[in-house]
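Colleague: Got a structure for you, written out below as structure tokens; questions coming shortly.
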Amino acid sequence: MTAPLFPLFADLRGRTVLVVGGGAVARRKVAALLDAGAQVRVGAPELEPTLSEWASSGRIEYVPGVFEPAWFDGAWLAIAATDDAASNRAVASIGEERRVFVNVVDDAELSSFQVPARVERGPLQIAISSGGGAPMLARHLREQLETQFDESLGALAGLLTRERARIRARLPGLQARRRFFERVLAGPIPSLLRAGDQAAAEREFDAVLGGGRGENPVGRVALVGAGPGDPGLLTLRALRLLSEADVILHDRLVSPEVLALARRDAELVEVGKQVGGDHNATQERIHTLLVDYARAGKRVVRLKGGDSFVFGRGGEELEALHARGIEFEVVPGITAALACGAYAGIPLTHREHAQSVRFITAHCKDSDDTLDWAALAQERQTLAFYMGVAGLEKIRDRLIAHGRAPGTPFAIVENGSRPEQRVIVGTLAELPELARLHSVRSPALLILGEVAALAGKLHWFGAAPLGAASTAIAHEDLAQAA
Ligand code: SAH
């Protein structure tokens, strides 16, 4: 086995680095070198447009022509990025002679140093190397790490760098410093930075450093939208919060696949409302749990199906937290209407068919009194009904009574985005009967409007829509049922 490479982070500020080559690859290398503060000299017969602009504005030094050893004069490092093997070899061999480290792009054999794949968060850098043997693998790992580390890490590293002297002066012992860092990481500072509240983060930092707050940190609550079920539809931020949370309070609607992404030792608490239960009592209990866990210093994630602010009572929970002075953040999720539209092949505002889309619930307290059915019955708009399974008859009757055409297409998407997704299509006139025929179950979303007909053509996920093929049978059944 060959010896492993020795990793190092080089300070290139004000130091000359030679880049041989004037194409797109050279440009990428030059950009990274400029970021690191290097003085870049580019040698090539000609330059691609951006490099050429940098040369004329003086950002880089340009030596036109074919490679000459004199290009190395004064250089600390060199990168060969030409597509000519002979030139690359010449650069490598002169570098060897002059004891200047040379990287030949995509040629580990010829290189005396390699540039790692890296993840950057401010001053914090994670570098990955496969020794040049498997750059694809290194890149793949990099992508995975990109998703895991929040952008706020950069701000955190910056804060710790600025406060380094003060931390050392106040906590000279290594043990004490370690405990301090753990408290900083477990407390609200990372989320405050994520929320862009630098001032509050610094105040909190002072409190922890002063020993005031750190002993008994107050937890925070993140209200997180879990999307419709497919874990691929979580946001990166939701994923990170799930992997950090101490406690996750989730609804029944949140899929097991999403819950599987929680930290292994996180406490999972289902707080779903039981059908027919007392919703207000349940909601009160949820508020109490959220507050109690946060006051115990836990990192709490309140995970809801879809988006928390779309028929999710997220607002009420935030009000409860606000009233008790508990900090929170909100992470949006993909709401059922968007997910069901996408996964059933229904473009909600296809320009030929609809100018608007409405998210409606027919299930709200006294909602039928406040909904403007005449407005809903207008053409060229898409209606997405949440929690509508039980009220389909009423929806059909009112819309038709207010003038929506009985032939308006609908699609019911049951378990949207999940492996067991079903789509039932038909026309407004036969809506409740078709739903009954196919025994539609919750969770299901009703999409009504001309766009719904596109499901027949644009469906791509799971089984084809039920309806078209089975309409003949359906009509027989309907006739029998009538
Ligand atoms: N906050 C959620 C909605 C909660 S109300 C969101 O933004 O999606 C619950 C209703 O959402 C269900 O009755 C159903 O109409 C709809 N819904 C949620 N997930 C669904 C899914 N995977 N497929 C179809 N409908 C869904």
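To be explicit about the labels: the chains of the structure tokens are called A, B, and onward in the order shown, and within each one the residues are counted from 1, while ligands get numbers from 1 in the order they are shown.
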So which residues are near ligand 1, meaning at most 6 Å away with only C-alpha atoms and all ligand atoms counted, given back as a list of chain:residue names?
Modeller: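 These are the residues that qualify: A:Pro228, A:Gly229, A:Gly305, A:Gly306, A:Asp307, A:Ser308, A:Val310, A:Phe311, A:Gly312, A:Thr335, A:Ala336, A:Tyr386, A:Met387, A:Val413, A:Glu414, A:Asn415, A:Gly416, A:Ser417, A:Ser442, A:Pro443, A:Ala444, A:Leu445.
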Colleague: Out of stretch 225-405 of chain A, which residues get alpha helix (DSSP H) from DSSP, as a PyMOL selection string?
Modeller: chain A and resi 236-244+256-259+279-295+314-323+336-344+367-370+373-376+392-401
Colleague: Tell me, counting only C-alpha atoms, for each residue of stretch 412-480 of chain A within 8 Å of stretch 400-407 of chain A, which pair of atoms is nearest and how far apart they are in Å to one decimal, in rows ordered by chain and increasing number, as CSV.
Modeller:
```
residue,atom,partner,partner_atom,distance
A:Thr427,CA,A:Gly407,CA,5.1
A:Leu428,CA,A:Pro406,CA,5.2
A:Ala429,CA,A:Pro406,CA,4.7
```
Colleague: Selected residues, C-alpha atoms, written as a CSV table (one decimal), in the first residue's frame, please.
Modeller:
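Written out: result03.csv:
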```
chain,number,residue,atom,x,y,z
A,427,THR,CA,-66.7,14.9,-13.4
A,428,LEU,CA,-68.3,17.1,-10.7
A,429,ALA,CA,-71.8,15.6,-11.3
```
Colleague: Write out as a PDB file with N, CA and C atoms, in the first residue's frame which residues come within 12 Å of A:Ala10 when counting only C-alpha atoms, dropping same-chain ones fewer than 3 positions away.
Modeller:
```pdb
ATOM      1  N   PRO A   7      -2.485  15.761   4.639  1.00  0.00           N
ATOM      2  CA  PRO A   7      -3.422  16.872   4.401  1.00  0.00           C
ATOM      3  C   PRO A   7      -2.861  18.180   4.942  1.00  0.00           C
ATOM      4  N   ARG A  13      -2.359  33.775   0.801  1.00  0.00           N
ATOM      5  CA  ARG A  13      -2.536  35.239   0.685  1.00  0.00           C
ATOM      6  C   ARG A  13      -1.257  35.912   0.198  1.00  0.00           C
ATOM      7  N   GLY A  14      -1.366  36.614  -0.899  1.00  0.00           N
ATOM      8  CA  GLY A  14      -0.234  37.371  -1.433  1.00  0.00           C
ATOM      9  C   GLY A  14       0.834  36.511  -2.080  1.00  0.00           C
ATOM     10  N   ARG A  15       0.598  35.212  -2.180  1.00  0.00           N
ATOM     11  CA  ARG A  15       1.621  34.336  -2.758  1.00  0.00           C
ATOM     12  C   ARG A  15       1.273  34.018  -4.208  1.00  0.00           C
ATOM     13  N   VAL A  17       0.724  31.989  -7.457  1.00  0.00           N
ATOM     14  CA  VAL A  17       0.392  30.625  -7.883  1.00  0.00           C
ATOM     15  C   VAL A  17       0.259  30.638  -9.397  1.00  0.00           C
ATOM     16  N   LEU A  33      -8.525  30.057  -6.244  1.00  0.00           N
ATOM     17  CA  LEU A  33      -7.259  30.631  -5.768  1.00  0.00           C
ATOM     18  C   LEU A  33      -7.426  32.107  -5.407  1.00  0.00           C
ATOM     19  N   ALA A  36      -8.887  32.559  -2.104  1.00  0.00           N
ATOM     20  CA  ALA A  36      -7.936  32.322  -1.011  1.00  0.00           C
ATOM     21  C   ALA A  36      -6.895  33.442  -0.932  1.00  0.00           C
ATOM     22  N   GLY A  37      -7.027  34.446  -1.777  1.00  0.00           N
ATOM     23  CA  GLY A  37      -6.128  35.608  -1.687  1.00  0.00           C
ATOM     24  C   GLY A  37      -4.818  35.458  -2.444  1.00  0.00           C
ATOM     25  N   ALA A  38      -4.725  34.430  -3.287  1.00  0.00           N
ATOM     26  CA  ALA A  38      -3.459  34.212  -4.016  1.00  0.00           C
ATOM     27  C   ALA A  38      -3.284  35.251  -5.122  1.00  0.00           C
ATOM     28  N   TRP A  76       4.781  29.630  -5.667  1.00  0.00           N
ATOM     29  CA  TRP A  76       4.772  28.698  -4.532  1.00  0.00           C
ATOM     30  C   TRP A  76       4.087  27.387  -4.903  1.00  0.00           C
ATOM     31  N   LEU A  77       3.179  27.489  -5.827  1.00  0.00           N
ATOM     32  CA  LEU A  77       2.366  26.331  -6.227  1.00  0.00           C
ATOM     33  C   LEU A  77       2.058  26.486  -7.699  1.00  0.00           C
ATOM     34  N   PHE A 101       5.223  22.560  -5.632  1.00  0.00           N
ATOM     35  CA  PHE A 101       4.161  21.550  -5.717  1.00  0.00           C
ATOM     36  C   PHE A 101       3.261  21.825  -6.916  1.00  0.00           C
ATOM     37  N   PHE A 113       0.654  17.510  -5.482  1.00  0.00           N
ATOM     38  CA  PHE A 113      -0.365  17.798  -4.455  1.00  0.00           C
ATOM     39  C   PHE A 113      -1.732  17.675  -5.112  1.00  0.00           C
ATOM     40  N   GLN A 114      -2.730  17.459  -4.277  1.00  0.00           N
ATOM     41  CA  GLN A 114      -4.081  17.357  -4.814  1.00  0.00           C
ATOM     42  C   GLN A 114      -5.028  18.310  -4.131  1.00  0.00           C
ATOM     43  N   VAL A 115      -6.027  18.721  -4.871  1.00  0.00           N
ATOM     44  CA  VAL A 115      -7.011  19.635  -4.311  1.00  0.00           C
ATOM     45  C   VAL A 115      -8.205  18.803  -3.863  1.00  0.00           C
TER      46      VAL A 115
END
```
Colleague: For atom CA of A:Ala31 and atom CA of A:Ala108, quote the distance in Å rounded to one decimal.
Modeller: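 Interatomic distance here is 21.5 Å.
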Colleague: Neighbouring residues of stretch 315-325 of chain A were defined as those with any atom within 9 Å, considering only C-alpha atoms; residues of the same chain fewer than 3 positions away were excluded. Please report them as a list in words.
Modeller: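 Using only C-alpha atoms, the neighbours found are Val221, Leu223, Gln283, Ile286, His287, Thr288, Leu290, Val291, Ser308, Phe309, Gly312 and Phe328 of chain A.
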Colleague: Do you know which residues are at most 12 Å from stretch 230-235 of chain A counting only C-alpha atoms, after dropping those on the same chain fewer than 3 positions away, and could you put them as a ChimeraX atom specification?
Modeller: /A:147-148,150,224-227,238-242,253-262,303-307,330-336,338-340,342-343,415-421,461
Colleague: What separation in Å, quoted to one decimal, exists between atom CA of A:Ala157 and atom CA of A:Ile189?
Modeller: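 One can read the atom CA of A:Ala157 to atom CA of A:Ile189 distance as 11.6 Å.
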Colleague: I need the residue nearest A:Arg166 from this list: A:Gly210, A:Gly95, A:Gly426, A:Pro123. Use only C-alpha atoms for the distance.
Modeller: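 Smallest distance to A:Arg166 is found for A:Gly210.
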Colleague: Compare A:Ala354, A:Leu454, A:Ala155, A:Ile167 by their minimum atom-to-atom distance to A:Ala201, counting only C-alpha atoms, and give me the closest one.
Modeller: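 Under the stated criterion, the closest residue is A:Ala155.
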Colleague: Apply DSSP to the backbone of this structure and, from stretch 317-415 of chain A, keep only the residues in strand (DSSP E); write these as a ChimeraX atom specification.
Modeller: /A:328-331,356-361,381-386,409-414
Colleague: Keeping only N, CA, C and O atoms, take the residues you just selected and write them out as a compact mmCIF listing (two decimals), in the first residue's frame.
Modeller:
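So the final result, stored in selection32.txt, reads:
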```
# COMPACT_ATOMS: atom_id res chain seq x y z
N PHE A 328 -39.08 30.23 18.99
CA PHE A 328 -39.41 29.22 17.99
C PHE A 328 -38.88 29.61 16.63
O PHE A 328 -38.49 30.75 16.39
N GLU A 329 -38.84 28.63 15.74
CA GLU A 329 -38.58 28.90 14.33
C GLU A 329 -39.56 28.07 13.51
O GLU A 329 -40.13 27.11 14.02
N VAL A 330 -39.74 28.44 12.25
CA VAL A 330 -40.72 27.76 11.41
C VAL A 330 -40.06 27.31 10.12
O VAL A 330 -39.37 28.09 9.46
N VAL A 331 -40.25 26.05 9.79
CA VAL A 331 -39.70 25.52 8.53
C VAL A 331 -40.87 25.09 7.65
O VAL A 331 -41.63 24.20 8.05
N SER A 356 -56.07 30.84 -11.30
CA SER A 356 -55.78 30.90 -9.86
C SER A 356 -56.03 29.53 -9.27
O SER A 356 -56.66 28.67 -9.89
N VAL A 357 -55.50 29.35 -8.07
CA VAL A 357 -55.77 28.11 -7.35
C VAL A 357 -56.13 28.51 -5.92
O VAL A 357 -55.57 29.45 -5.38
N ARG A 358 -57.09 27.81 -5.36
CA ARG A 358 -57.47 28.11 -3.98
C ARG A 358 -57.29 26.89 -3.10
O ARG A 358 -57.65 25.79 -3.51
N PHE A 359 -56.80 27.12 -1.91
CA PHE A 359 -56.70 26.05 -0.91
C PHE A 359 -57.91 26.24 0.02
O PHE A 359 -58.05 27.28 0.64
N ILE A 360 -58.75 25.23 0.07
CA ILE A 360 -60.00 25.38 0.79
C ILE A 360 -60.18 24.22 1.76
O ILE A 360 -59.79 23.09 1.45
N THR A 361 -60.76 24.48 2.90
CA THR A 361 -61.23 23.37 3.69
C THR A 361 -62.73 23.52 3.88
O THR A 361 -63.23 24.60 4.16
N GLN A 381 -60.66 28.41 -12.59
CA GLN A 381 -59.88 28.43 -11.35
C GLN A 381 -59.85 27.01 -10.81
O GLN A 381 -60.76 26.21 -11.05
N THR A 382 -58.79 26.71 -10.13
CA THR A 382 -58.62 25.37 -9.58
C THR A 382 -58.92 25.42 -8.09
O THR A 382 -58.45 26.30 -7.39
N LEU A 383 -59.72 24.48 -7.62
CA LEU A 383 -60.04 24.41 -6.20
C LEU A 383 -59.38 23.17 -5.60
O LEU A 383 -59.53 22.07 -6.12
N ALA A 384 -58.63 23.36 -4.54
CA ALA A 384 -58.04 22.23 -3.83
C ALA A 384 -58.72 22.15 -2.48
O ALA A 384 -58.54 23.01 -1.63
N PHE A 385 -59.53 21.11 -2.30
CA PHE A 385 -60.26 20.94 -1.04
C PHE A 385 -59.51 19.98 -0.13
O PHE A 385 -59.32 18.80 -0.47
N TYR A 386 -59.13 20.48 1.04
CA TYR A 386 -58.52 19.64 2.07
C TYR A 386 -59.65 19.08 2.93
O TYR A 386 -60.68 19.74 3.12
N PRO A 409 -64.09 18.70 -14.61
CA PRO A 409 -63.32 17.54 -14.17
C PRO A 409 -62.86 17.66 -12.71
O PRO A 409 -62.63 18.76 -12.24
N PHE A 410 -62.75 16.52 -12.05
CA PHE A 410 -62.14 16.50 -10.71
C PHE A 410 -61.12 15.37 -10.64
O PHE A 410 -61.15 14.43 -11.46
N ALA A 411 -60.24 15.45 -9.67
CA ALA A 411 -59.36 14.33 -9.34
C ALA A 411 -59.28 14.26 -7.83
O ALA A 411 -59.11 15.29 -7.17
N ILE A 412 -59.48 13.08 -7.28
CA ILE A 412 -59.23 12.90 -5.85
C ILE A 412 -57.91 12.17 -5.74
O ILE A 412 -57.70 11.13 -6.36
N VAL A 413 -56.99 12.74 -4.97
CA VAL A 413 -55.69 12.10 -4.79
C VAL A 413 -55.64 11.59 -3.35
O VAL A 413 -55.67 12.37 -2.40
N GLU A 414 -55.59 10.27 -3.24
CA GLU A 414 -55.57 9.65 -1.92
C GLU A 414 -54.12 9.23 -1.63
O GLU A 414 -53.45 8.68 -2.51
```
Colleague: Might you pull out every residue within 7 Å of A:Pro465, with only C-alpha atoms counted and same-chain residues fewer than 3 positions away left off, and present them as a list in words?
Modeller: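 The filter keeps Arg422, Val423, Ile424, Val425 and Gly456 of chain A.
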Colleague: Those residues you just picked out, can you put them in a file as an mmCIF file, in the first residue's frame with N, CA and C atoms?
Modeller:
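Dumped to selection18.cif:
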```cif
data_model
loop_
_atom_site.group_PDB
_atom_site.id
_atom_site.type_symbol
_atom_site.label_atom_id
_atom_site.label_comp_id
_atom_site.auth_asym_id
_atom_site.auth_seq_id
_atom_site.Cartn_x
_atom_site.Cartn_y
_atom_site.Cartn_z
ATOM 1 N N ARG A 422 -53.488 6.691 -4.800
ATOM 2 C CA ARG A 422 -54.516 6.400 -5.807
ATOM 3 C C ARG A 422 -55.093 7.710 -6.293
ATOM 4 N N VAL A 423 -55.414 7.742 -7.579
ATOM 5 C CA VAL A 423 -56.047 8.944 -8.123
ATOM 6 C C VAL A 423 -57.364 8.526 -8.765
ATOM 7 N N ILE A 424 -58.434 9.192 -8.377
ATOM 8 C CA ILE A 424 -59.751 8.894 -8.950
ATOM 9 C C ILE A 424 -60.202 10.136 -9.716
ATOM 10 N N VAL A 425 -60.567 9.927 -10.987
ATOM 11 C CA VAL A 425 -60.976 11.086 -11.782
ATOM 12 C C VAL A 425 -62.397 10.908 -12.304
ATOM 13 N N GLY A 456 -55.018 12.380 -16.660
ATOM 14 C CA GLY A 456 -55.090 11.240 -17.570
ATOM 15 C C GLY A 456 -53.862 11.164 -18.476
#
```
Colleague: Could you name the residues that touch A:Val30 at 9 Å or less, counting only C-alpha atoms, but leaving out those on the same chain fewer than 4 positions away, as a PyMOL selection string?
Modeller: chain A and resi 19+25-26+34-35+40-42+51+60
Colleague: Store the residues of this selection in a file with all heavy atoms, as a PDB file, in the first residue's frame.
Modeller:
```pdb
ATOM      1  N   VAL A  19      -1.067  29.106 -12.864  1.00  0.00           N
ATOM      2  CA  VAL A  19      -2.059  28.212 -13.474  1.00  0.00           C
ATOM      3  C   VAL A  19      -1.759  28.144 -14.963  1.00  0.00           C
ATOM      4  O   VAL A  19      -1.728  29.178 -15.643  1.00  0.00           O
ATOM      5  CB  VAL A  19      -3.497  28.729 -13.253  1.00  0.00           C
ATOM      6  CG1 VAL A  19      -4.511  27.852 -13.994  1.00  0.00           C
ATOM      7  CG2 VAL A  19      -3.827  28.768 -11.764  1.00  0.00           C
ATOM      8  N   VAL A  25     -11.796  24.839 -17.058  1.00  0.00           N
ATOM      9  CA  VAL A  25     -11.240  24.194 -15.867  1.00  0.00           C
ATOM     10  C   VAL A  25     -10.280  25.151 -15.175  1.00  0.00           C
ATOM     11  O   VAL A  25     -10.316  25.342 -13.953  1.00  0.00           O
ATOM     12  CB  VAL A  25     -10.515  22.881 -16.248  1.00  0.00           C
ATOM     13  CG1 VAL A  25      -9.910  22.234 -15.015  1.00  0.00           C
ATOM     14  CG2 VAL A  25     -11.477  21.935 -16.943  1.00  0.00           C
ATOM     15  N   ALA A  26      -9.429  25.786 -15.969  1.00  0.00           N
ATOM     16  CA  ALA A  26      -8.486  26.762 -15.408  1.00  0.00           C
ATOM     17  C   ALA A  26      -9.250  27.874 -14.691  1.00  0.00           C
ATOM     18  O   ALA A  26      -8.886  28.295 -13.601  1.00  0.00           O
ATOM     19  CB  ALA A  26      -7.610  27.336 -16.511  1.00  0.00           C
ATOM     20  N   LEU A  34      -8.199  32.817  -6.205  1.00  0.00           N
ATOM     21  CA  LEU A  34      -8.441  34.235  -5.905  1.00  0.00           C
ATOM     22  C   LEU A  34      -9.189  34.372  -4.581  1.00  0.00           C
ATOM     23  O   LEU A  34      -8.883  35.241  -3.769  1.00  0.00           O
ATOM     24  CB  LEU A  34      -9.235  34.898  -7.038  1.00  0.00           C
ATOM     25  CG  LEU A  34      -8.465  35.157  -8.342  1.00  0.00           C
ATOM     26  CD1 LEU A  34      -9.411  35.659  -9.428  1.00  0.00           C
ATOM     27  CD2 LEU A  34      -7.305  36.141  -8.141  1.00  0.00           C
ATOM     28  N   ASP A  35     -10.158  33.469  -4.356  1.00  0.00           N
ATOM     29  CA  ASP A  35     -10.888  33.491  -3.085  1.00  0.00           C
ATOM     30  C   ASP A  35      -9.943  33.350  -1.909  1.00  0.00           C
ATOM     31  O   ASP A  35     -10.185  33.887  -0.830  1.00  0.00           O
ATOM     32  CB  ASP A  35     -11.883  32.319  -3.020  1.00  0.00           C
ATOM     33  CG  ASP A  35     -13.180  32.675  -3.714  1.00  0.00           C
ATOM     34  OD1 ASP A  35     -13.363  33.864  -4.029  1.00  0.00           O
ATOM     35  OD2 ASP A  35     -13.999  31.759  -3.945  1.00  0.00           O
ATOM     36  N   VAL A  40      -2.524  35.316  -8.766  1.00  0.00           N
ATOM     37  CA  VAL A  40      -2.578  34.254  -9.765  1.00  0.00           C
ATOM     38  C   VAL A  40      -1.939  34.693 -11.076  1.00  0.00           C
ATOM     39  O   VAL A  40      -2.241  35.766 -11.595  1.00  0.00           O
ATOM     40  CB  VAL A  40      -4.040  33.805 -10.005  1.00  0.00           C
ATOM     41  CG1 VAL A  40      -4.077  32.619 -10.964  1.00  0.00           C
ATOM     42  CG2 VAL A  40      -4.714  33.445  -8.688  1.00  0.00           C
ATOM     43  N   ARG A  41      -1.059  33.850 -11.571  1.00  0.00           N
ATOM     44  CA  ARG A  41      -0.468  34.072 -12.888  1.00  0.00           C
ATOM     45  C   ARG A  41      -1.012  32.977 -13.814  1.00  0.00           C
ATOM     46  O   ARG A  41      -0.899  31.796 -13.496  1.00  0.00           O
ATOM     47  CB  ARG A  41       1.058  33.961 -12.800  1.00  0.00           C
ATOM     48  CG  ARG A  41       1.766  34.075 -14.158  1.00  0.00           C
ATOM     49  CD  ARG A  41       3.267  33.845 -14.009  1.00  0.00           C
ATOM     50  NE  ARG A  41       3.841  34.814 -13.080  1.00  0.00           N
ATOM     51  CZ  ARG A  41       4.906  34.573 -12.293  1.00  0.00           C
ATOM     52  NH1 ARG A  41       5.526  33.403 -12.346  1.00  0.00           N
ATOM     53  NH2 ARG A  41       5.361  35.499 -11.488  1.00  0.00           N
ATOM     54  N   VAL A  42      -1.613  33.377 -14.903  1.00  0.00           N
ATOM     55  CA  VAL A  42      -2.164  32.395 -15.831  1.00  0.00           C
ATOM     56  C   VAL A  42      -1.352  32.418 -17.118  1.00  0.00           C
ATOM     57  O   VAL A  42      -1.159  33.478 -17.718  1.00  0.00           O
ATOM     58  CB  VAL A  42      -3.644  32.692 -16.156  1.00  0.00           C
ATOM     59  CG1 VAL A  42      -4.189  31.663 -17.156  1.00  0.00           C
ATOM     60  CG2 VAL A  42      -4.477  32.679 -14.885  1.00  0.00           C
ATOM     61  N   LEU A  51     -11.724  34.733 -17.842  1.00  0.00           N
ATOM     62  CA  LEU A  51     -10.300  34.893 -17.522  1.00  0.00           C
ATOM     63  C   LEU A  51      -9.749  36.124 -18.225  1.00  0.00           C
ATOM     64  O   LEU A  51      -8.957  36.889 -17.660  1.00  0.00           O
ATOM     65  CB  LEU A  51      -9.514  33.646 -17.950  1.00  0.00           C
ATOM     66  CG  LEU A  51      -9.630  32.435 -17.011  1.00  0.00           C
ATOM     67  CD1 LEU A  51      -8.913  31.227 -17.617  1.00  0.00           C
ATOM     68  CD2 LEU A  51      -9.050  32.759 -15.634  1.00  0.00           C
ATOM     69  N   ILE A  60      -5.775  39.187 -12.432  1.00  0.00           N
ATOM     70  CA  ILE A  60      -4.766  38.141 -12.597  1.00  0.00           C
ATOM     71  C   ILE A  60      -3.676  38.658 -13.537  1.00  0.00           C
ATOM     72  O   ILE A  60      -3.877  39.629 -14.270  1.00  0.00           O
ATOM     73  CB  ILE A  60      -5.370  36.837 -13.200  1.00  0.00           C
ATOM     74  CG1 ILE A  60      -6.012  37.117 -14.568  1.00  0.00           C
ATOM     75  CG2 ILE A  60      -6.387  36.226 -12.269  1.00  0.00           C
ATOM     76  CD1 ILE A  60      -6.472  35.860 -15.298  1.00  0.00           C
TER      77      ILE A  60
END
```
Colleague: Using only C-alpha atoms, which of the listed residues (A:Val208, A:Ala70, A:Val300, A:Leu159) sits closest to A:Ile248?
Modeller: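 Comparing A:Val208, A:Ala70, A:Val300, A:Leu159 against A:Ile248, the winner is A:Val300.
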Colleague: Report, in Å to a single decimal, how far apart atom CA of A:Asp246 and atom CA of A:Leu268 are.
Modeller: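 Distance between the two atoms: 8.8 Å.
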Colleague: Name the closest residue to A:Ala78 among the candidates A:Arg98, A:Arg59, A:Arg142, A:Arg264; distances are taken between atoms, counting only C-alpha atoms.
Modeller: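 Smallest separation from A:Ala78 among the options: A:Arg98.
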